[in-house]
Structure formats: structure tokens, C-alpha cells
Amino acid sequence: MLSNGYKELENLSETERELALKILKEMSKEGKSEIYNDLLYSDYKEVPVDIETFLTDDRYLGQAWKDTVGNSKLYPFWLDQLKRIFPTNIDTDYNTLLESGARGIGKSEVACGCVGAYLMYRVMCLKNPLEFYRLKQTEKICFAFMNIKLALAEEIAISKFQKTIQMSPWFMNKGRMTTFHGNPYWVPPEPINIIIGSQADDVIGQPIFFAFFDEISFIRNQDIDKQKKKAKDMIDTAIGGMFTRFIHNGKNPTMLVVASSKRSEQSFMEEYIKTLSKTEGNSTYVVDKPVWEVKPKGTYSDEVFYVGLGNKYLENIVIPDEDKDNLTPYKERGYKIIEVPTDFKAKFLEDIDRNLCDFAGISSASSSKYISARIVMDCINEEYKNPLPDVLEIGNGKEDKAQYYNFFNMENVPKELMYKPLYIHLDMSLTGDMTGIAGVWIAGKKVSTDDNQAKDLKFRLAFSTSIKAPKGRQISFEKNRNFIRWLKQSGFKIKGITCDTYQSADLIQQLSAEGFSCEILSVDRVQDGICKPYQYLRSSFYEQRFEMYKSDRLFDECVDVERNIETGKVDHSPNFHKDVLDAVCGATFNASKNAEQYAFEYGEDFENIQKANIDIQTATKQQITLDFENELKQVLGNLPKNPSEEAKQMDFGFGPAVPYTGEFVSQGICVW
């Protein structure tokens, strides 16, 4: 029996055990073993050099990574990262490299001219690569350079990879030269193949050993969601070609590299990086650093200023110099403090969010958000309350007897607003997504200074909720209609109802037949690069013409949405939603189209009062503006002190005649 220190040898054959003991003996005496090295490199026709030698020795890529005076252009930071990824000359510790962070730190050059080149070099050192990786003799070992745009993929493959390879004596002594689109192009020896593509079909079914996906740029005036799916399909297909073809005994020698500068928290590559980090955490290496930590020491000043990184409630700020010795108050407010070299101070003062993104590699929550968190907070009145819960789980099941109005708290509805014009929008859904419902009052109107009356309207959020279908059930369209009917019966003055195009025909037809003003409104529709409903809602927020209650769900949706600069579409992040915000947006936009009708707020037209309030019950009609008090007094002043029955039934232009009480209320309000 072997001693406890050699128990691992018990599973070996007699010959293997004897060889292992010789190796251990050599290592204990010499610190190394020639026998071990012979075994380790028995599959190699040339022993690979380590990554540092590969990048600094002129026989390999040394010339490509030196400037005109012979100094290395490869930052020490990157060399340190690469040595962690490739700890030995034949081992790779990670299968995914995510290069994020600041712009201009050499992500693409490192991916192509270091990682891709080194992996290809090690494959070319093998005696029989196909046999070593257990592939068929008819297959190729593929190195892929991908982008959603073929022209960008070609640019990366030629300018970053090919130009680097062509400066290496080692590579140029192998393979052959040709041309590609008029450029010198090096073709690797068999069985290696270079793929330059922009479609999942370019890599499907291929043994992908290395794949590089550079910054994904989406094409203007095309469906961005489809382009995102295309990019994800390409990456997933490449990963499939790696995992299914090269994994052996639990080891995977392949490498996927994704390079993406920080642009926004919801950009495609940002979201994909987060997903990969979660699902493939142990085999994923993330490089995410500001430019001043990547470039060599001495590039920037040692003197720093402080930046407070906010969140969805706090905007990023440059901390004043007078507060630099006492940062505690900023930390207590929720700011995360970072130090930035003074070289960048002027740029940060000019545009803090953009430069955090460009130089610090920090996706600012406010840099790309369509509506600022601070602006939304300014519109919140803590005294207002939502009459409805933020979410209602009610469906179409037979046993589900609940109606939305069962949860409506009328005590949260101010009595003075019940006569105000109310507009309702429904962001419809059947299953999966929630149905958003919101009501918005036209609360008043600012004094107009131009011809665009719509800009002057003031709004007040009446209610909002998201309807979620229980598991296995669907949202009830009939309950949507019942809620609208109940609101009218309860005294709300519903002037308009809008729905998005999804499943809206039946609701509009039925409610229209009952006398409601209904129409289809898509808040996502873009015209001439502008999403007009969201543009108007945003203006209402920024001009402080919109008041709302505190709702965490609605607030989160407000500060999550971004405008795609390529399409003009205002959308939410992949893992979020905007059903309630869509409803608020639709109701507000529909209300905005009735600015002139509600000019009565300032007594500009007596006739408009009648039109605006034509359906208001006689018992609750109120004359609002001071401008009409004298006119009404004159009319009523002519009545006899003891009015006849005929006089008591006079019609003064407010609809059906009603009994006259002979009573006045102060402030120009006349009760009928």
C-alpha cells in the first residue's frame, strides 16, 4: 500500500504509477521534471511561449506592440490582465472575456491582437490540432470576427487582427498571403479557418474556438428589437459551437470575447454582459476600469477632484472643492464617491454624465434616461394618494368575481376635482404583460403666451394601476369595460378613452355604443423620428404642468425609459416594463388635444362652458370663473322677490330647467 501522501496514485496502472513516482522524484531534487515536460508537450511540435513573451518578443508580436522608438504600446494593466487569463503557456483560466469600461483603452486591439492571436498561435503549435481536440479530419478550427454589420466585422478582422499578424515573423513564415477587398490578407494554415460574419448562419454548425464581438451598432430606421435578437442569436450560436465541440473532461479551451464601451444601463451589450456574468460567472473574466486606471502611471495628474455618483433618485454631481475635506454628508445622502484626476475636471463640469461614461466607464442612470428622476420627484405631491393599488391581480376565471372598482378608495379622490375633465388610457394585454390603466384630469391652464394652447394645460394624475392575470388565467376585457362604466356612474366626468391597438376593437366598439368618446392611440408610434405622446408627457413634467402622487412602480417606470436616438422610440429596458407609464402617457396626450375646448378655465368664452360641461348633472353644475358673476347677478336680479312658478322654472342656458332656489354662494359660485 502507498502512504497517505500518495493515495492519488492508487488508481494508476503499474506503469503509470512508476512514471509518476519518477516525476515526483525529479521535482523534489531539481524543482522541475524533464519527464513531465516531455509528457506535457508530447502533442506539440513546438512548445508555446507564455503570453508575455508572445507579446514582447520580436519573433512573435513584439514588433506589432512597439512604437516607432521601440517602446511597448501595450499598457502594463493589460499585460497583467492577460497573464491572469493565460496563467501558463498552454492553459486558459476563463472562457469568456467581457471588456467594458471606458472608451479608448484598447479593448478591440487587445481582443484581436492579443487574445485571438495567442489562441491561434497555441493551436498552430500542436502536431495535430484536429486529433488533439477530437474533431473530424474534415472539420476546421474556426476563429470568428462578428458584428451585426458585415462592414464593421470586416474592418475589425483586417485593421485589428490582420495588421497585427502581418507584423509577426512567426506567423508570416506559416500560412500564405492573398488579398481581401484590395487589402493584404494572411490566410492561416490548415485546419484553421477565419470567419468574418454578421449572421448566425455564418457560425452555425462550426467548431468555434475563438469569437470576438465588438461594439454592436444598430442600423437607423430599422426594427431595433429585431436587430438585438439578431445579435443575441449570433453570440448564442457561437457559444454553442464552442461548448458542444471542444469541451473534454470538463475543460473548455475556447474563448468568447465581447467588447463594449459604456453607453447606457439598458444598451444591448450592457444587458448581455450582465446576463453572461450571472450565468457563467466562474468562467467569465470582466475588465471594467476607468481610463486613468488603465493607462500607465504618470499619464494623468496625481491631483484629484471628487465626483458623487448618484442613483435613480440622485443626479451625479461634481463635489465642490470647499467640501472635499468633508465628504460624509454626501455619503449619508446616498452618493458613492470616486476620485478623478484633475485633468478631467473641465470636461466633467461641462457634461458629467457623458464623461463618466466615456472616461470612467460608468453607465450613468441619468445620462441616457428620457425623464430625469429629479424632474419626476418635483412633480410628486406627498399629500396626494392613489385610489388604486399599484398592482391588481384579477383575471377571467369563473371563481374570480373581483372587479377593479372593489379596490378603489374614493376617499383619495378630492371632491373639487370630480367635475374636472377626465381622460383614460388602457395599455392592453391578454397574458404575460400587464394591462396598464390610468386616468388624468385636466386640472387647469396656465396663462397662454403663444398660439399653442396645448402647452399651457396643467394635469393631475387621478389614478393608475397594473392589472396582472393570475397564473393560468387571462386579463378580463369585460372587467376593463366595467371599470370605465363604474367610474362614470360614480360621478367622474370622462371626456375621452383611448387604447393601444392590441385587442382594443371590442372595447372601443362597446363603450362607443354607450356614448363614450373612444379612439385608438399608440403611444409608441414614431413620426419623423419623434414619439409625440412621450415628447408631450416629458414636456409636461419638465414644465411642471403635471402633478402626481407617490407611486414607487410609476416612478421606476418614469426613470427607466430611454429614447433610442436611432429610431426615436421611447422604450424600457429588457428586464423592466412601462405599462402604467404608457397609460399615463396616453391619457395625458389625449387630454392635450383638448386645450382650446377647456379655455373656459379663465372665462374666455361663455359658450365653451356649456360645451365642456354638457353632460354634467344639473344638480352639480357650478359656475367657476369670476368673470360671469356680474352677468348672472344681472339675470337673476330681474327675478321677482316672490317668484312665480313660471319664473322658478326659467332656463338660463345651462341645460334643462331646474327649480331656482334664490340662493347665491360667495366667490361667484351659483348653485342650481
# chains A, B, ... in the order shown; residues from 1 in each chain; ligands from 1
>>> residues_around(residues="region 126-141 of chain A", least_positions_apart="4", cutoff="9 Å", atoms="only C-alpha atoms", output="list in words")
Tyr41, Ser42, Asp43, Tyr44, Lys45, Glu46, Val47, Pro48, Arg122, Glu190, Pro191, Ile192, Asn193, Ile194, Gln206, Pro207, Ile208, Phe209, Phe210, Arg245, Phe246, Ile247 and His248 of chain A
>>> select_by_dssp(residues="region 283-420 of chain A", states="helix (DSSP H, G or I)", output="JSON list (two decimals) with N, CA, C and O atoms, in the first residue's frame")
[["chain", "number", "residue", "atom", "x", "y", "z"],
["A", 283, "SER", "N", -16.48, 31.21, -15.09],
["A", 283, "SER", "CA", -15.61, 31.14, -16.27],
["A", 283, "SER", "C", -15.56, 32.46, -17.03],
["A", 283, "SER", "O", -15.08, 32.50, -18.15],
["A", 291, "VAL", "N", -10.35, 55.03, -17.54],
["A", 291, "VAL", "CA", -9.16, 55.20, -18.38],
["A", 291, "VAL", "C", -7.93, 55.52, -17.56],
["A", 291, "VAL", "O", -6.81, 55.11, -17.89],
["A", 292, "TRP", "N", -8.08, 56.23, -16.45],
["A", 292, "TRP", "CA", -6.90, 56.60, -15.64],
["A", 292, "TRP", "C", -6.32, 55.43, -14.86],
["A", 292, "TRP", "O", -5.21, 55.51, -14.37],
["A", 293, "GLU", "N", -7.07, 54.32, -14.76],
["A", 293, "GLU", "CA", -6.51, 53.12, -14.13],
["A", 293, "GLU", "C", -5.90, 52.17, -15.15],
["A", 293, "GLU", "O", -5.16, 51.25, -14.78],
["A", 294, "VAL", "N", -6.22, 52.38, -16.42],
["A", 294, "VAL", "CA", -5.70, 51.51, -17.48],
["A", 294, "VAL", "C", -4.40, 52.06, -18.04],
["A", 294, "VAL", "O", -3.42, 51.33, -18.22],
["A", 321, "ASP", "N", -14.94, 72.07, -4.40],
["A", 321, "ASP", "CA", -13.63, 71.96, -3.75],
["A", 321, "ASP", "C", -13.71, 72.25, -2.26],
["A", 321, "ASP", "O", -12.98, 71.65, -1.46],
["A", 322, "GLU", "N", -14.60, 73.15, -1.88],
["A", 322, "GLU", "CA", -14.69, 73.51, -0.46],
["A", 322, "GLU", "C", -15.23, 72.38, 0.41],
["A", 322, "GLU", "O", -15.12, 72.42, 1.64],
["A", 323, "ASP", "N", -15.83, 71.36, -0.23],
["A", 323, "ASP", "CA", -16.37, 70.23, 0.54],
["A", 323, "ASP", "C", -15.50, 68.99, 0.47],
["A", 323, "ASP", "O", -15.87, 67.95, 1.02],
["A", 328, "THR", "N", -18.59, 63.23, 4.21],
["A", 328, "THR", "CA", -19.58, 62.45, 4.95],
["A", 328, "THR", "C", -21.03, 62.82, 4.62],
["A", 328, "THR", "O", -21.86, 61.94, 4.39],
["A", 329, "PRO", "N", -21.37, 64.11, 4.54],
["A", 329, "PRO", "CA", -22.77, 64.46, 4.21],
["A", 329, "PRO", "C", -23.22, 63.91, 2.86],
["A", 329, "PRO", "O", -24.37, 63.51, 2.71],
["A", 330, "TYR", "N", -22.31, 63.86, 1.89],
["A", 330, "TYR", "CA", -22.66, 63.33, 0.58],
["A", 330, "TYR", "C", -22.88, 61.81, 0.64],
["A", 330, "TYR", "O", -23.81, 61.29, 0.02],
["A", 331, "LYS", "N", -22.04, 61.14, 1.42],
["A", 331, "LYS", "CA", -22.18, 59.70, 1.58],
["A", 331, "LYS", "C", -23.49, 59.36, 2.29],
["A", 331, "LYS", "O", -24.18, 58.40, 1.94],
["A", 332, "GLU", "N", -23.83, 60.18, 3.29],
["A", 332, "GLU", "CA", -25.06, 59.94, 4.04],
["A", 332, "GLU", "C", -26.30, 60.14, 3.18],
["A", 332, "GLU", "O", -27.33, 59.51, 3.40],
["A", 333, "ARG", "N", -26.20, 61.01, 2.18],
["A", 333, "ARG", "CA", -27.32, 61.24, 1.27],
["A", 333, "ARG", "C", -27.47, 60.11, 0.25],
["A", 333, "ARG", "O", -28.49, 60.01, -0.42],
["A", 342, "THR", "N", -7.51, 65.57, -11.93],
["A", 342, "THR", "CA", -7.93, 66.93, -12.25],
["A", 342, "THR", "C", -7.88, 67.22, -13.75],
["A", 342, "THR", "O", -8.51, 68.18, -14.21],
["A", 343, "ASP", "N", -7.16, 66.40, -14.52],
["A", 343, "ASP", "CA", -7.12, 66.58, -15.97],
["A", 343, "ASP", "C", -8.52, 66.56, -16.59],
["A", 343, "ASP", "O", -8.76, 67.16, -17.64],
["A", 344, "PHE", "N", -9.46, 65.88, -15.93],
["A", 344, "PHE", "CA", -10.80, 65.70, -16.48],
["A", 344, "PHE", "C", -11.83, 66.66, -15.88],
["A", 344, "PHE", "O", -13.00, 66.61, -16.24],
["A", 345, "LYS", "N", -11.41, 67.55, -15.00],
["A", 345, "LYS", "CA", -12.39, 68.35, -14.25],
["A", 345, "LYS", "C", -13.22, 69.23, -15.17],
["A", 345, "LYS", "O", -14.45, 69.32, -15.03],
["A", 346, "ALA", "N", -12.56, 69.90, -16.11],
["A", 346, "ALA", "CA", -13.30, 70.79, -17.01],
["A", 346, "ALA", "C", -14.37, 70.03, -17.80],
["A", 346, "ALA", "O", -15.49, 70.50, -17.97],
["A", 347, "LYS", "N", -14.02, 68.83, -18.27],
["A", 347, "LYS", "CA", -14.97, 68.03, -19.03],
["A", 347, "LYS", "C", -16.13, 67.57, -18.16],
["A", 347, "LYS", "O", -17.29, 67.57, -18.58],
["A", 348, "PHE", "N", -15.84, 67.18, -16.92],
["A", 348, "PHE", "CA", -16.90, 66.72, -16.02],
["A", 348, "PHE", "C", -17.84, 67.86, -15.64],
["A", 348, "PHE", "O", -19.04, 67.65, -15.48],
["A", 349, "LEU", "N", -17.30, 69.06, -15.48],
["A", 349, "LEU", "CA", -18.14, 70.21, -15.17],
["A", 349, "LEU", "C", -19.04, 70.56, -16.36],
["A", 349, "LEU", "O", -20.16, 71.02, -16.20],
["A", 350, "GLU", "N", -18.54, 70.31, -17.56],
["A", 350, "GLU", "CA", -19.30, 70.61, -18.77],
["A", 350, "GLU", "C", -20.43, 69.62, -18.99],
["A", 350, "GLU", "O", -21.56, 70.00, -19.29],
["A", 352, "ILE", "N", -21.19, 66.00, -16.99],
["A", 352, "ILE", "CA", -20.73, 64.96, -16.07],
["A", 352, "ILE", "C", -21.17, 63.57, -16.50],
["A", 352, "ILE", "O", -20.38, 62.62, -16.44],
["A", 353, "ASP", "N", -22.40, 63.43, -16.97],
["A", 353, "ASP", "CA", -22.90, 62.09, -17.31],
["A", 353, "ASP", "C", -22.18, 61.51, -18.52],
["A", 353, "ASP", "O", -21.79, 60.34, -18.52],
["A", 354, "ARG", "N", -22.01, 62.31, -19.54],
["A", 354, "ARG", "CA", -21.33, 61.83, -20.75],
["A", 354, "ARG", "C", -19.89, 61.44, -20.45],
["A", 354, "ARG", "O", -19.40, 60.42, -20.92],
["A", 355, "ASN", "N", -19.19, 62.25, -19.65],
["A", 355, "ASN", "CA", -17.79, 61.97, -19.40],
["A", 355, "ASN", "C", -17.56, 60.88, -18.37],
["A", 355, "ASN", "O", -16.52, 60.22, -18.39],
["A", 356, "LEU", "N", -18.53, 60.66, -17.49],
["A", 356, "LEU", "CA", -18.47, 59.47, -16.64],
["A", 356, "LEU", "C", -18.51, 58.23, -17.52],
["A", 356, "LEU", "O", -17.80, 57.25, -17.28],
["A", 357, "CYS", "N", -19.35, 58.28, -18.54],
["A", 357, "CYS", "CA", -19.50, 57.16, -19.48],
["A", 357, "CYS", "C", -18.22, 56.97, -20.29],
["A", 357, "CYS", "O", -17.69, 55.87, -20.40],
["A", 358, "ASP", "N", -17.69, 58.06, -20.85],
["A", 358, "ASP", "CA", -16.55, 57.98, -21.75],
["A", 358, "ASP", "C", -15.24, 57.64, -21.05],
["A", 358, "ASP", "O", -14.46, 56.81, -21.53],
["A", 359, "PHE", "N", -14.98, 58.28, -19.91],
["A", 359, "PHE", "CA", -13.66, 58.17, -19.28],
["A", 359, "PHE", "C", -13.64, 57.29, -18.04],
["A", 359, "PHE", "O", -12.64, 56.65, -17.76],
["A", 360, "ALA", "N", -14.75, 57.25, -17.29],
["A", 360, "ALA", "CA", -14.78, 56.42, -16.09],
["A", 360, "ALA", "C", -15.37, 55.05, -16.38],
["A", 360, "ALA", "O", -15.24, 54.14, -15.56],
["A", 373, "ALA", "N", -34.93, 61.74, -12.97],
["A", 373, "ALA", "CA", -35.53, 61.38, -11.69],
["A", 373, "ALA", "C", -35.85, 62.62, -10.87],
["A", 373, "ALA", "O", -36.88, 62.70, -10.19],
["A", 374, "ARG", "N", -34.97, 63.59, -10.92],
["A", 374, "ARG", "CA", -35.19, 64.82, -10.16],
["A", 374, "ARG", "C", -36.45, 65.53, -10.63],
["A", 374, "ARG", "O", -37.24, 66.05, -9.83],
["A", 375, "ILE", "N", -36.66, 65.55, -11.96],
["A", 375, "ILE", "CA", -37.84, 66.21, -12.51],
["A", 375, "ILE", "C", -39.11, 65.49, -12.07],
["A", 375, "ILE", "O", -40.12, 66.11, -11.72],
["A", 376, "VAL", "N", -39.08, 64.16, -12.09],
["A", 376, "VAL", "CA", -40.25, 63.39, -11.66],
["A", 376, "VAL", "C", -40.55, 63.66, -10.19],
["A", 376, "VAL", "O", -41.72, 63.86, -9.80],
["A", 377, "MET", "N", -39.52, 63.70, -9.37],
["A", 377, "MET", "CA", -39.71, 63.96, -7.94],
["A", 377, "MET", "C", -40.33, 65.33, -7.70],
["A", 377, "MET", "O", -41.13, 65.51, -6.78],
["A", 378, "ASP", "N", -39.98, 66.30, -8.55],
["A", 378, "ASP", "CA", -40.55, 67.65, -8.41],
["A", 378, "ASP", "C", -42.04, 67.66, -8.71],
["A", 378, "ASP", "O", -42.75, 68.59, -8.29],
["A", 404, "TYR", "N", -62.25, 45.75, -10.54],
["A", 404, "TYR", "CA", -61.23, 46.74, -10.19],
["A", 404, "TYR", "C", -61.77, 47.75, -9.19],
["A", 404, "TYR", "O", -61.07, 48.17, -8.26],
["A", 405, "TYR", "N", -63.05, 48.12, -9.37],
["A", 405, "TYR", "CA", -63.60, 49.16, -8.51],
["A", 405, "TYR", "C", -63.79, 48.69, -7.07],
["A", 405, "TYR", "O", -63.99, 49.51, -6.17],
["A", 406, "ASN", "N", -63.72, 47.37, -6.83],
["A", 406, "ASN", "CA", -63.78, 46.88, -5.46],
["A", 406, "ASN", "C", -62.60, 47.37, -4.63],
["A", 406, "ASN", "O", -62.66, 47.40, -3.40],
["A", 407, "PHE", "N", -61.54, 47.76, -5.31],
["A", 407, "PHE", "CA", -60.32, 48.19, -4.63],
["A", 407, "PHE", "C", -60.09, 49.70, -4.74],
["A", 407, "PHE", "O", -59.04, 50.20, -4.37],
["A", 410, "MET", "N", -62.46, 55.85, -2.77],
["A", 410, "MET", "CA", -62.99, 57.17, -3.14],
["A", 410, "MET", "C", -62.52, 58.27, -2.19],
["A", 410, "MET", "O", -62.55, 59.45, -2.55],
["A", 411, "GLU", "N", -62.08, 57.90, -1.00],
["A", 411, "GLU", "CA", -61.59, 58.91, -0.06],
["A", 411, "GLU", "C", -60.32, 59.59, -0.57],
["A", 411, "GLU", "O", -59.96, 60.68, -0.11],
["A", 412, "ASN", "N", -59.61, 58.93, -1.52],
["A", 412, "ASN", "CA", -58.39, 59.52, -2.08],
["A", 412, "ASN", "C", -58.67, 60.39, -3.30],
["A", 412, "ASN", "O", -57.74, 60.84, -3.96],
["A", 415, "LYS", "N", -62.86, 66.02, -3.78],
["A", 415, "LYS", "CA", -64.20, 66.33, -4.27],
["A", 415, "LYS", "C", -64.18, 67.45, -5.30],
["A", 415, "LYS", "O", -64.96, 67.45, -6.25],
["A", 416, "GLU", "N", -63.25, 68.41, -5.13],
["A", 416, "GLU", "CA", -63.22, 69.55, -6.06],
["A", 416, "GLU", "C", -62.76, 69.16, -7.45],
["A", 416, "GLU", "O", -62.89, 69.94, -8.40],
["A", 417, "LEU", "N", -62.21, 67.94, -7.61],
["A", 417, "LEU", "CA", -61.74, 67.51, -8.93],
["A", 417, "LEU", "C", -62.74, 66.62, -9.65],
["A", 417, "LEU", "O", -62.52, 66.27, -10.81]]
>>> residues_around(residues="region 493-507 of chain A", least_positions_apart="3", cutoff="6 Å", atoms="only C-alpha atoms", output="count of residues only")
16
>>> atom_distance(atom1="CA of Val123 (chain A)", atom2="CA of Gly197 (chain A)")
21.8 Å
>>> residues_around(residues="Gln166 (chain A)", least_positions_apart="6", cutoff="10 Å", atoms="only C-alpha atoms", output="ChimeraX atom specification")
/A:61,64,172,177,184-186
>>> write_last_selection(atoms="C-alpha atoms", output="short mmCIF file (atom, residue, chain, number, x, y, z; two decimals), in the first residue's frame")
data_model
loop_
_atom_site.label_atom_id
_atom_site.label_comp_id
_atom_site.auth_asym_id
_atom_site.auth_seq_id
_atom_site.Cartn_x
_atom_site.Cartn_y
_atom_site.Cartn_z
CA LEU A 61 4.14 40.07 -31.80
CA ALA A 64 3.34 44.93 -33.58
CA MET A 172 4.35 35.16 -41.73
CA MET A 177 -0.82 35.82 -48.34
CA PRO A 184 -3.26 42.28 -47.93
CA TYR A 185 -4.75 39.28 -46.21
CA TRP A 186 -2.96 36.45 -44.37
#
>>> select_by_dssp(residues="region 267-462 of chain A", states="strand (DSSP E or B)", output="number ranges by chain")
A: 284-287, 304-309, 317-318, 336-341, 369, 380, 391-393, 421-427, 435-445, 457-462
>>> closest_residue(among="A:Phe576, A:Phe408, A:Phe243, A:Tyr36", to="Asp556 (chain A)", atoms="only C-alpha atoms")
A:Phe576
>>> decode(residues="region 401-412 of chain A", atoms="all heavy atoms", output="mmCIF file, in the first residue's frame")
data_model
loop_
_atom_site.group_PDB
_atom_site.id
_atom_site.type_symbol
_atom_site.label_atom_id
_atom_site.label_comp_id
_atom_site.auth_asym_id
_atom_site.auth_seq_id
_atom_site.Cartn_x
_atom_site.Cartn_y
_atom_site.Cartn_z
ATOM 1 N N LYS A 401 -64.478 36.776 -8.952
ATOM 2 C CA LYS A 401 -65.601 37.717 -9.014
ATOM 3 C C LYS A 401 -65.165 39.165 -8.779
ATOM 4 O O LYS A 401 -65.986 40.082 -8.875
ATOM 5 C CB LYS A 401 -66.654 37.344 -7.958
ATOM 6 C CG LYS A 401 -67.169 35.910 -8.069
ATOM 7 C CD LYS A 401 -67.869 35.662 -9.397
ATOM 8 C CE LYS A 401 -68.443 34.242 -9.449
ATOM 9 N NZ LYS A 401 -69.072 33.954 -10.756
ATOM 10 N N ALA A 402 -63.907 39.377 -8.465
ATOM 11 C CA ALA A 402 -63.433 40.720 -8.111
ATOM 12 C C ALA A 402 -63.479 41.657 -9.313
ATOM 13 O O ALA A 402 -63.208 41.260 -10.450
ATOM 14 C CB ALA A 402 -62.009 40.643 -7.570
ATOM 15 N N GLN A 403 -63.844 42.887 -9.068
ATOM 16 C CA GLN A 403 -63.813 43.956 -10.057
ATOM 17 C C GLN A 403 -62.795 44.999 -9.602
ATOM 18 O O GLN A 403 -62.497 45.135 -8.415
ATOM 19 C CB GLN A 403 -65.194 44.608 -10.196
ATOM 20 C CG GLN A 403 -66.280 43.675 -10.681
ATOM 21 C CD GLN A 403 -66.194 43.391 -12.174
ATOM 22 O OE1 GLN A 403 -65.516 44.101 -12.912
ATOM 23 N NE2 GLN A 403 -66.887 42.352 -12.630
ATOM 24 N N TYR A 404 -62.251 45.745 -10.542
ATOM 25 C CA TYR A 404 -61.232 46.736 -10.188
ATOM 26 C C TYR A 404 -61.773 47.749 -9.188
ATOM 27 O O TYR A 404 -61.067 48.167 -8.264
ATOM 28 C CB TYR A 404 -60.738 47.484 -11.433
ATOM 29 C CG TYR A 404 -60.296 46.611 -12.588
ATOM 30 C CD1 TYR A 404 -60.245 47.110 -13.885
ATOM 31 C CD2 TYR A 404 -59.926 45.277 -12.390
ATOM 32 C CE1 TYR A 404 -59.851 46.326 -14.950
ATOM 33 C CE2 TYR A 404 -59.538 44.475 -13.450
ATOM 34 C CZ TYR A 404 -59.508 45.010 -14.740
ATOM 35 O OH TYR A 404 -59.119 44.218 -15.793
ATOM 36 N N TYR A 405 -63.049 48.120 -9.373
ATOM 37 C CA TYR A 405 -63.602 49.157 -8.511
ATOM 38 C C TYR A 405 -63.788 48.691 -7.068
ATOM 39 O O TYR A 405 -63.986 49.510 -6.170
ATOM 40 C CB TYR A 405 -64.923 49.700 -9.080
ATOM 41 C CG TYR A 405 -65.978 48.667 -9.388
ATOM 42 C CD1 TYR A 405 -66.733 48.070 -8.389
ATOM 43 C CD2 TYR A 405 -66.242 48.316 -10.720
ATOM 44 C CE1 TYR A 405 -67.718 47.145 -8.682
ATOM 45 C CE2 TYR A 405 -67.228 47.385 -11.024
ATOM 46 C CZ TYR A 405 -67.958 46.803 -10.009
ATOM 47 O OH TYR A 405 -68.943 45.883 -10.303
ATOM 48 N N ASN A 406 -63.724 47.369 -6.831
ATOM 49 C CA ASN A 406 -63.784 46.880 -5.456
ATOM 50 C C ASN A 406 -62.598 47.374 -4.633
ATOM 51 O O ASN A 406 -62.657 47.401 -3.397
ATOM 52 C CB ASN A 406 -63.801 45.344 -5.425
ATOM 53 C CG ASN A 406 -65.041 44.759 -6.074
ATOM 54 O OD1 ASN A 406 -64.992 43.715 -6.702
ATOM 55 N ND2 ASN A 406 -66.185 45.438 -5.925
ATOM 56 N N PHE A 407 -61.543 47.761 -5.314
ATOM 57 C CA PHE A 407 -60.317 48.186 -4.628
ATOM 58 C C PHE A 407 -60.094 49.702 -4.745
ATOM 59 O O PHE A 407 -59.041 50.204 -4.370
ATOM 60 C CB PHE A 407 -59.112 47.447 -5.222
ATOM 61 C CG PHE A 407 -59.227 45.946 -5.144
ATOM 62 C CD1 PHE A 407 -59.838 45.224 -6.163
ATOM 63 C CD2 PHE A 407 -58.764 45.256 -4.033
ATOM 64 C CE1 PHE A 407 -59.961 43.846 -6.093
ATOM 65 C CE2 PHE A 407 -58.880 43.882 -3.956
ATOM 66 C CZ PHE A 407 -59.490 43.171 -4.983
ATOM 67 N N PHE A 408 -61.082 50.404 -5.268
ATOM 68 C CA PHE A 408 -60.964 51.847 -5.499
ATOM 69 C C PHE A 408 -61.391 52.602 -4.240
ATOM 70 O O PHE A 408 -62.525 52.468 -3.774
ATOM 71 C CB PHE A 408 -61.839 52.253 -6.682
ATOM 72 C CG PHE A 408 -61.490 53.589 -7.276
ATOM 73 C CD1 PHE A 408 -60.685 53.673 -8.396
ATOM 74 C CD2 PHE A 408 -61.977 54.768 -6.706
ATOM 75 C CE1 PHE A 408 -60.378 54.903 -8.955
ATOM 76 C CE2 PHE A 408 -61.675 55.995 -7.251
ATOM 77 C CZ PHE A 408 -60.869 56.069 -8.383
ATOM 78 N N ASN A 409 -60.491 53.399 -3.699
ATOM 79 C CA ASN A 409 -60.754 54.157 -2.477
ATOM 80 C C ASN A 409 -61.177 55.580 -2.839
ATOM 81 O O ASN A 409 -60.339 56.427 -3.159
ATOM 82 C CB ASN A 409 -59.506 54.179 -1.595
ATOM 83 C CG ASN A 409 -59.757 54.836 -0.245
ATOM 84 O OD1 ASN A 409 -60.834 55.372 0.015
ATOM 85 N ND2 ASN A 409 -58.761 54.786 0.624
ATOM 86 N N MET A 410 -62.464 55.852 -2.768
ATOM 87 C CA MET A 410 -62.987 57.168 -3.143
ATOM 88 C C MET A 410 -62.518 58.265 -2.193
ATOM 89 O O MET A 410 -62.547 59.453 -2.549
ATOM 90 C CB MET A 410 -64.513 57.138 -3.187
ATOM 91 C CG MET A 410 -65.084 56.406 -4.387
ATOM 92 S SD MET A 410 -64.713 57.231 -5.961
ATOM 93 C CE MET A 410 -65.666 58.728 -5.786
ATOM 94 N N GLU A 411 -62.077 57.900 -0.998
ATOM 95 C CA GLU A 411 -61.591 58.913 -0.064
ATOM 96 C C GLU A 411 -60.319 59.587 -0.567
ATOM 97 O O GLU A 411 -59.964 60.681 -0.111
ATOM 98 C CB GLU A 411 -61.330 58.276 1.305
ATOM 99 C CG GLU A 411 -62.600 57.817 2.010
ATOM 100 C CD GLU A 411 -62.305 57.259 3.388
ATOM 101 O OE1 GLU A 411 -61.116 57.245 3.779
ATOM 102 O OE2 GLU A 411 -63.260 56.850 4.076
ATOM 103 N N ASN A 412 -59.614 58.932 -1.522
ATOM 104 C CA ASN A 412 -58.394 59.517 -2.084
ATOM 105 C C ASN A 412 -58.672 60.394 -3.301
ATOM 106 O O ASN A 412 -57.738 60.838 -3.963
ATOM 107 C CB ASN A 412 -57.409 58.407 -2.473
ATOM 108 C CG ASN A 412 -56.828 57.703 -1.257
ATOM 109 O OD1 ASN A 412 -56.903 58.206 -0.150
ATOM 110 N ND2 ASN A 412 -56.269 56.520 -1.475
#
